[in-house]
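Chemist: Would you mind keeping the following structure in view while I ask a few things?
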Amino acid sequence: MFSSMINKNKETRPTPKLFNFYQDSSLARMINFINEAVIVIDSSGVIEMLNPMVANLMGAQRDRLLGHNLLELVVDAKGKSQTLLIDCLEKGRHYPISSPPIELNLKADLSPTISVEMSISTLPEELSSSNTLFLCILRDLTLHKAEYGLLKQKANTDYLTGLANRHRFADYLTKQWNICEQDNLPLSIIFIDIDHFKNFNDRYGHIAGDRCLKRIGETISLSLPNRDTLAARYGGEEFALVLPQCSPQTAQLLAIRIKRHISQLSTRQFAVTKESQLTVSMGVATQMEGRYNNTESLLNAADTLLYQAKSQGRDQICFL
Ligand SMILES: Nc1nc2c(ncn2[C@@H]2O[C@H](COP(=O)(O)OP(=O)(O)OP(=O)(O)O)[C@@H](O)[C@H]2O)c(=O)[nH]1
């Protein structure tokens with residue numbers, strides 16, 4: 001009878017489970033409840049623990065990430081991010097750290113690359129194992145970056161024509177001015193203003209006027225010689241071009257070409273009679289051999305030439 005009881009006890013008694021720091025410690029249990037993506041790494045970057053939020057974020061299974069080195073998941077061909085992370089962990093070997101957020105691109109297996117912001121803090125000794133451990137909190141920046149890109153694009157673009165707006169024009173001109181000054185290269189500006197556009201609006205209405213501005217913007221865009229040239233809507237019915245490394249002769253030839261294309265567009269799409277044909281006036285100025293002191297005087301010169309073209313009867317190009 002006793003022997004059967006002993007046997008019975010033997011059968012039902014569970015085998016004692018060994019304490020596993022990486023699964024059973026209060027730290028391991030706690031990170032599973034934190035509503036942030038949390039990774040625990042050792043001082044060489046090996047992932048010792050991670051919570052389900054990380055697996056979700058990375059689009060990879062938790063078990064496949066455990067034991068991986070975080071550095072191998074970092075995507076940066078130049079290696080800057082990896083160096084930053086290594087430096088941070090190296091410091092953490094000597095004294096407790098709490099890093100400001102580091103921006104990283106991470107990729108696990110076949111999942112897409114994600115953009116994250118990660119802060120790293122040394123875990124206190126009582127929460128660590130025999131090694132120094134670091135708690136990394138990851139925040140997804142993918143959506144934030146996409147939204148930022150979209151907002152930046154909107155902030156630089158003219159809504160009606162899709163060309164650069166005046167703000168982008170000014171930034172780009174300053175940048176190219178500095179580059180051309182440094183290398184002693186010419187830089188040209190073309191101003192284009194539609195003649196008697198008020199009459200067009202009065203005659204055909206503002207919606208037709210908008211359509212016309214759009215078509216002219218497209219025509220200017222399609223006439224650009226290279227990717228360095230920037231076309232912008234400068235004002236209501238005024239457009240402006242920045243032409244880096246462009247001599248006065250090349251700028252004049254381009255102005256003639258754009259004028260011809262706009263005239264062909266007008267005949268095809270807008271002109272009902274010869275009198276209603278849309279024309280443009282243009283001013284072309286070039287910075288070379290230190291002719292102008294700054295971007296403002298270059299713009300003033302192009303503007304003065306444009307108004308010279310207007311006052312001389314419109315439908316023409318003026319240049320120095
Ligand atoms: N449809 C439309 N019209 C615009 C827009 N922006 C400015 N305009 C019009 O452009 C016209 C500009 O008139 P003005 O400055 O007198 O110039 P203009 O009639 O072109 O005459 P000149 O420039 O002297 O040849 C005005 O009628 C504005 O309403 C726009 O976004 N859409």
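Letters A, B, ... go to the chains of the structure tokens in the order shown; residues in each chain start at 1; ligands are counted from 1 in the same order.
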Ligand 1: which residues are within 6 Å, counting only C-alpha atoms and all ligand atoms, as a PyMOL selection string?

Modeler: chain A and resi 194-199+201+206-207+209-210+236-237

Chemist: Output the selection as a short mmCIF file (atom, residue, chain, number, x, y, z; two decimals), in the first residue's frame - C-alpha atoms for each residue.

Modeler:
data_model
loop_
_atom_site.label_atom_id
_atom_site.label_comp_id
_atom_site.auth_asym_id
_atom_site.auth_seq_id
_atom_site.Cartn_x
_atom_site.Cartn_y
_atom_site.Cartn_z
CA ILE A 194 2.96 86.62 -67.92
CA ASP A 195 1.86 89.71 -69.82
CA HIS A 196 -1.56 91.23 -69.13
CA PHE A 197 -2.65 88.23 -67.13
CA LYS A 198 -5.35 90.31 -65.51
CA ASN A 199 -7.03 90.57 -68.92
CA ASN A 201 -8.52 86.31 -65.88
CA HIS A 206 -9.97 82.61 -62.48
CA ILE A 207 -10.39 78.86 -62.93
CA GLY A 209 -6.43 81.41 -65.19
CA ASP A 210 -5.34 78.75 -62.68
CA GLY A 236 1.04 85.33 -58.67
CA GLU A 237 1.87 85.17 -62.40
#

Chemist: Write out as a list of chain:residue names the residues lying within 8 Å of segment 250-266 of chain A, counting only C-alpha atoms and excluding same-chain residues fewer than 6 positions away.

Modeler: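 Counting only C-alpha atoms, the residues come to A:Ser188, A:Ile189, A:Ile190, A:Ile216, A:Thr219, A:Ile220, A:Ser223, A:Leu224, A:Pro225, A:Leu243, A:Gln277, A:Leu278, A:Thr279, A:Val280, A:Met282, A:Val284, A:Ile317, A:Phe319.
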
Chemist: Would you put the residues from that selection into a file with C-alpha atoms, as a compact mmCIF listing (two decimals), in the first residue's frame?

Modeler:
# COMPACT_ATOMS: atom_id res chain seq x y z
CA SER A 188 22.15 82.92 -63.63
CA ILE A 189 18.62 83.94 -62.72
CA ILE A 190 15.65 84.16 -65.10
CA ILE A 216 2.92 77.35 -67.99
CA THR A 219 6.09 73.97 -69.76
CA ILE A 220 8.85 75.71 -67.81
CA SER A 223 12.25 73.06 -70.64
CA LEU A 224 14.82 72.83 -67.83
CA PRO A 225 18.28 71.73 -68.98
CA LEU A 243 20.66 78.24 -63.00
CA GLN A 277 -2.39 85.00 -77.35
CA LEU A 278 -0.49 84.83 -74.04
CA THR A 279 3.02 86.21 -74.03
CA VAL A 280 5.69 86.53 -71.36
CA MET A 282 11.67 87.97 -69.06
CA VAL A 284 18.00 87.43 -67.23
CA ILE A 317 13.64 89.14 -73.03
CA PHE A 319 19.53 90.75 -70.33

Chemist: To one decimal place, how far is atom CA of Leu320 of chain A from atom CA of Ile192 of chain A in Å?

Modeler: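 Spanning atom CA of Leu320 of chain A to atom CA of Ile192 of chain A is a straight-line distance of 15.6 Å.
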
Chemist: Select, from A:Met288, A:Val75, A:Ile114, A:Leu133, the residue with the minimum atom-to-atom distance to Lys145 of chain A, counting only C-alpha atoms.

Modeler: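 Closest candidate: A:Ile114.
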
Chemist: Enumerate the residues of segment 131-256 of chain A with a DSSP assignment of alpha helix (DSSP H), computed from the backbone, and present them as a compact mmCIF listing (two decimals) with N, CA and C atoms, in the first residue's frame.

Modeler:
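Dumped to selection.txt:
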# COMPACT_ATOMS: atom_id res chain seq x y z
N THR A 142 9.14 55.64 -38.03
CA THR A 142 8.82 55.46 -39.45
C THR A 142 7.69 56.39 -39.88
N LEU A 143 6.60 56.36 -39.13
CA LEU A 143 5.45 57.18 -39.49
C LEU A 143 5.79 58.66 -39.37
N HIS A 144 6.46 58.98 -38.27
CA HIS A 144 6.85 60.35 -37.99
C HIS A 144 7.72 60.89 -39.14
N LYS A 145 8.66 60.05 -39.62
CA LYS A 145 9.56 60.49 -40.70
C LYS A 145 8.81 60.68 -42.00
N ALA A 146 7.86 59.76 -42.26
CA ALA A 146 7.08 59.88 -43.51
C ALA A 146 6.26 61.17 -43.46
N GLU A 147 5.66 61.44 -42.30
CA GLU A 147 4.85 62.67 -42.16
C GLU A 147 5.73 63.91 -42.28
N TYR A 148 6.91 63.83 -41.69
CA TYR A 148 7.84 64.97 -41.74
C TYR A 148 8.25 65.24 -43.19
N GLY A 149 8.52 64.16 -43.94
CA GLY A 149 8.92 64.30 -45.35
C GLY A 149 7.82 64.97 -46.15
N LEU A 150 6.58 64.54 -45.87
CA LEU A 150 5.42 65.08 -46.60
C LEU A 150 5.24 66.56 -46.27
N LEU A 151 5.36 66.89 -44.98
CA LEU A 151 5.20 68.29 -44.55
C LEU A 151 6.30 69.17 -45.14
N LYS A 152 7.52 68.62 -45.17
CA LYS A 152 8.65 69.38 -45.71
C LYS A 152 8.41 69.65 -47.19
N GLN A 153 7.93 68.63 -47.86
CA GLN A 153 7.66 68.79 -49.30
C GLN A 153 6.57 69.85 -49.51
N LYS A 154 5.53 69.81 -48.67
CA LYS A 154 4.45 70.79 -48.79
C LYS A 154 4.96 72.20 -48.52
N ALA A 155 5.85 72.30 -47.51
CA ALA A 155 6.36 73.62 -47.13
C ALA A 155 7.24 74.23 -48.22
N ASN A 156 7.72 73.39 -49.14
CA ASN A 156 8.63 73.87 -50.19
C ASN A 156 7.97 73.99 -51.56
N ARG A 166 8.49 80.23 -53.22
CA ARG A 166 9.49 81.28 -53.05
C ARG A 166 10.48 80.99 -51.92
N HIS A 167 9.95 80.35 -50.88
CA HIS A 167 10.77 79.98 -49.73
C HIS A 167 11.89 79.01 -50.17
N ARG A 168 11.50 77.99 -50.93
CA ARG A 168 12.48 77.00 -51.42
C ARG A 168 13.45 77.67 -52.40
N PHE A 169 12.91 78.57 -53.22
CA PHE A 169 13.72 79.31 -54.19
C PHE A 169 14.85 80.05 -53.45
N ALA A 170 14.48 80.77 -52.39
CA ALA A 170 15.47 81.57 -51.64
C ALA A 170 16.54 80.66 -51.02
N ASP A 171 16.12 79.55 -50.43
CA ASP A 171 17.08 78.61 -49.82
C ASP A 171 18.04 78.06 -50.86
N TYR A 172 17.45 77.65 -51.99
CA TYR A 172 18.26 77.02 -53.03
C TYR A 172 19.24 78.02 -53.64
N LEU A 173 18.76 79.25 -53.84
CA LEU A 173 19.63 80.28 -54.42
C LEU A 173 20.83 80.54 -53.49
N THR A 174 20.57 80.67 -52.20
CA THR A 174 21.66 80.91 -51.24
C THR A 174 22.68 79.77 -51.29
N LYS A 175 22.16 78.54 -51.33
CA LYS A 175 23.05 77.37 -51.34
C LYS A 175 23.91 77.39 -52.60
N GLN A 176 23.27 77.60 -53.75
CA GLN A 176 24.01 77.56 -55.02
C GLN A 176 24.94 78.76 -55.16
N TRP A 177 24.52 79.89 -54.63
CA TRP A 177 25.38 81.10 -54.65
C TRP A 177 26.71 80.77 -53.96
N ASN A 178 26.62 80.16 -52.78
CA ASN A 178 27.83 79.84 -52.01
C ASN A 178 28.72 78.85 -52.77
N ILE A 179 28.09 77.83 -53.36
CA ILE A 179 28.88 76.82 -54.10
C ILE A 179 29.58 77.49 -55.29
N CYS A 180 28.83 78.29 -56.06
CA CYS A 180 29.40 78.91 -57.26
C CYS A 180 30.48 79.93 -56.90
N GLU A 181 30.25 80.67 -55.80
CA GLU A 181 31.26 81.65 -55.36
C GLU A 181 32.57 80.94 -55.03
N GLN A 182 32.43 79.85 -54.31
CA GLN A 182 33.61 79.10 -53.87
C GLN A 182 34.43 78.60 -55.07
N ASP A 183 33.71 78.11 -56.10
CA ASP A 183 34.42 77.53 -57.25
C ASP A 183 34.57 78.52 -58.39
N PHE A 197 -1.91 89.41 -67.61
CA PHE A 197 -2.65 88.23 -67.13
C PHE A 197 -4.00 88.61 -66.52
N LYS A 198 -4.08 89.84 -66.07
CA LYS A 198 -5.35 90.31 -65.51
C LYS A 198 -6.44 90.23 -66.58
N ASN A 199 -6.07 90.62 -67.81
CA ASN A 199 -7.03 90.57 -68.92
C ASN A 199 -7.50 89.14 -69.16
N PHE A 200 -6.54 88.20 -69.06
CA PHE A 200 -6.88 86.79 -69.28
C PHE A 200 -7.90 86.34 -68.24
N ASN A 201 -7.61 86.67 -66.97
CA ASN A 201 -8.52 86.31 -65.88
C ASN A 201 -9.90 86.94 -66.10
N ASP A 202 -9.89 88.23 -66.44
CA ASP A 202 -11.16 88.95 -66.61
C ASP A 202 -11.98 88.33 -67.74
N ARG A 203 -11.25 87.88 -68.76
CA ARG A 203 -11.94 87.37 -69.95
C ARG A 203 -12.43 85.93 -69.76
N TYR A 204 -11.55 85.08 -69.18
CA TYR A 204 -11.88 83.64 -69.13
C TYR A 204 -12.21 83.14 -67.72
N HIS A 206 -11.13 83.01 -63.28
CA HIS A 206 -9.97 82.61 -62.48
C HIS A 206 -9.64 81.13 -62.61
N ILE A 207 -10.67 80.31 -62.84
CA ILE A 207 -10.39 78.86 -62.93
C ILE A 207 -9.55 78.58 -64.18
N ALA A 208 -9.95 79.23 -65.28
CA ALA A 208 -9.15 79.09 -66.52
C ALA A 208 -7.76 79.69 -66.29
N GLY A 209 -7.71 80.77 -65.52
CA GLY A 209 -6.43 81.41 -65.19
C GLY A 209 -5.51 80.45 -64.43
N ASP A 210 -6.11 79.74 -63.46
CA ASP A 210 -5.34 78.75 -62.68
C ASP A 210 -4.79 77.66 -63.59
N ARG A 211 -5.68 77.19 -64.48
CA ARG A 211 -5.26 76.11 -65.39
C ARG A 211 -4.08 76.59 -66.25
N CYS A 212 -4.19 77.83 -66.67
CA CYS A 212 -3.15 78.41 -67.51
C CYS A 212 -1.81 78.49 -66.74
N LEU A 213 -1.87 78.92 -65.48
CA LEU A 213 -0.64 79.00 -64.66
C LEU A 213 0.00 77.61 -64.50
N LYS A 214 -0.89 76.62 -64.33
CA LYS A 214 -0.41 75.24 -64.19
C LYS A 214 0.33 74.78 -65.44
N ARG A 215 -0.30 75.03 -66.60
CA ARG A 215 0.30 74.61 -67.88
C ARG A 215 1.63 75.31 -68.11
N ILE A 216 1.66 76.61 -67.79
CA ILE A 216 2.92 77.35 -67.99
C ILE A 216 4.00 76.80 -67.06
N GLY A 217 3.61 76.48 -65.83
CA GLY A 217 4.56 75.87 -64.88
C GLY A 217 5.12 74.56 -65.43
N GLU A 218 4.22 73.73 -66.01
CA GLU A 218 4.67 72.45 -66.58
C GLU A 218 5.62 72.69 -67.75
N THR A 219 5.26 73.67 -68.59
CA THR A 219 6.09 73.97 -69.76
C THR A 219 7.49 74.41 -69.33
N ILE A 220 7.55 75.26 -68.30
CA ILE A 220 8.85 75.71 -67.81
C ILE A 220 9.65 74.50 -67.28
N SER A 221 8.96 73.67 -66.49
CA SER A 221 9.60 72.48 -65.92
C SER A 221 10.21 71.60 -67.00
N LEU A 222 9.42 71.39 -68.06
CA LEU A 222 9.87 70.49 -69.13
C LEU A 222 11.01 71.10 -69.96
N SER A 223 11.18 72.41 -69.85
CA SER A 223 12.25 73.06 -70.64
C SER A 223 13.58 73.11 -69.90
N PRO A 248 25.97 83.61 -69.06
CA PRO A 248 24.89 84.48 -69.57
C PRO A 248 24.37 83.98 -70.92
N GLN A 249 25.27 83.50 -71.77
CA GLN A 249 24.85 83.03 -73.10
C GLN A 249 23.90 81.84 -72.98
N THR A 250 24.27 80.87 -72.13
CA THR A 250 23.41 79.67 -71.97
C THR A 250 22.06 80.08 -71.37
N ALA A 251 22.09 81.00 -70.42
CA ALA A 251 20.84 81.44 -69.78
C ALA A 251 19.95 82.14 -70.82
N GLN A 252 20.54 82.94 -71.68
CA GLN A 252 19.75 83.62 -72.71
C GLN A 252 19.11 82.61 -73.67
N LEU A 253 19.92 81.61 -74.08
CA LEU A 253 19.38 80.58 -74.99
C LEU A 253 18.22 79.84 -74.34
N LEU A 254 18.38 79.56 -73.04
CA LEU A 254 17.29 78.87 -72.33
C LEU A 254 16.05 79.75 -72.26
N ALA A 255 16.25 81.04 -71.99
CA ALA A 255 15.10 81.97 -71.92
C ALA A 255 14.37 82.00 -73.27
N ILE A 256 15.13 82.02 -74.35
CA ILE A 256 14.51 82.03 -75.70
C ILE A 256 13.70 80.75 -75.90

Chemist: Do a neighbour search on Met118 of chain A at 9 Å with only C-alpha atoms, toss out local chain neighbours closer than 3 positions, and write the hits as a PDB file with C-alpha atoms, in the first residue's frame.

Modeler:
ATOM      1  CA  SER A  99      22.143  58.178 -23.344  1.00  0.00           C
ATOM      2  CA  PRO A 100      20.098  60.780 -25.178  1.00  0.00           C
ATOM      3  CA  PRO A 101      17.966  59.165 -27.920  1.00  0.00           C
ATOM      4  CA  ILE A 102      19.983  57.800 -30.872  1.00  0.00           C
ATOM      5  CA  GLU A 103      18.341  57.545 -34.311  1.00  0.00           C
ATOM      6  CA  LEU A 104      18.821  54.140 -35.930  1.00  0.00           C
ATOM      7  CA  CYS A 136      17.098  50.075 -24.514  1.00  0.00           C
ATOM      8  CA  ILE A 137      13.749  51.752 -25.166  1.00  0.00           C
ATOM      9  CA  LEU A 138      12.805  51.949 -28.835  1.00  0.00           C
ATOM     10  CA  ARG A 139      10.310  54.370 -30.379  1.00  0.00           C
ATOM     11  CA  ASP A 140       9.085  53.935 -33.934  1.00  0.00           C
TER      12      ASP A 140
END

Chemist: Taking 4 positions as the minimum chain separation for residues in the same chain, which residues sit within 6 Å of Leu187 of chain A when counting only C-alpha atoms? Answer as a ChimeraX atom specification.

Modeler: /A:243-246,286-287

Chemist: Can those selected residues be exported to a file as a compact mmCIF listing (two decimals), in the first residue's frame so that it contains N, CA and C atoms?

Modeler:
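Written output follows (part-v8.txt):
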# COMPACT_ATOMS: atom_id res chain seq x y z
N LEU A 243 19.84 79.04 -62.08
CA LEU A 243 20.66 78.24 -63.00
C LEU A 243 22.13 78.24 -62.54
N PRO A 244 22.47 77.25 -61.70
CA PRO A 244 23.86 77.22 -61.22
C PRO A 244 24.81 76.84 -62.36
N GLN A 245 26.02 77.34 -62.30
CA GLN A 245 27.07 77.05 -63.29
C GLN A 245 26.62 77.37 -64.70
N CYS A 246 25.86 78.44 -64.84
CA CYS A 246 25.27 78.74 -66.16
C CYS A 246 25.72 80.13 -66.62
N THR A 286 23.16 87.48 -64.60
CA THR A 286 24.15 86.45 -64.24
C THR A 286 25.18 87.01 -63.27
N GLN A 287 25.46 86.24 -62.26
CA GLN A 287 26.55 86.58 -61.35
C GLN A 287 27.82 85.95 -61.90

Chemist: What's the separation between atom CA of Ser98 of chain A and atom CA of Gln61 of chain A, in Å to one decimal place?

Modeler: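 Those two atoms sit 27.9 Å apart.
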
Chemist: A:Arg291, A:Arg93, A:Arg29, A:Lys310: which is nearest Leu127 of chain A, counting only C-alpha atoms?

Modeler: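 Among A:Arg291, A:Arg93, A:Arg29, A:Lys310, it is A:Arg29 that comes nearest to Leu127 of chain A.
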
Chemist: Using only C-alpha atoms for the distances, tell me which of A:Asp193, A:Asn51, A:Arg64, A:Ser111 is nearest to Gln308 of chain A.

Modeler: A:Asp193
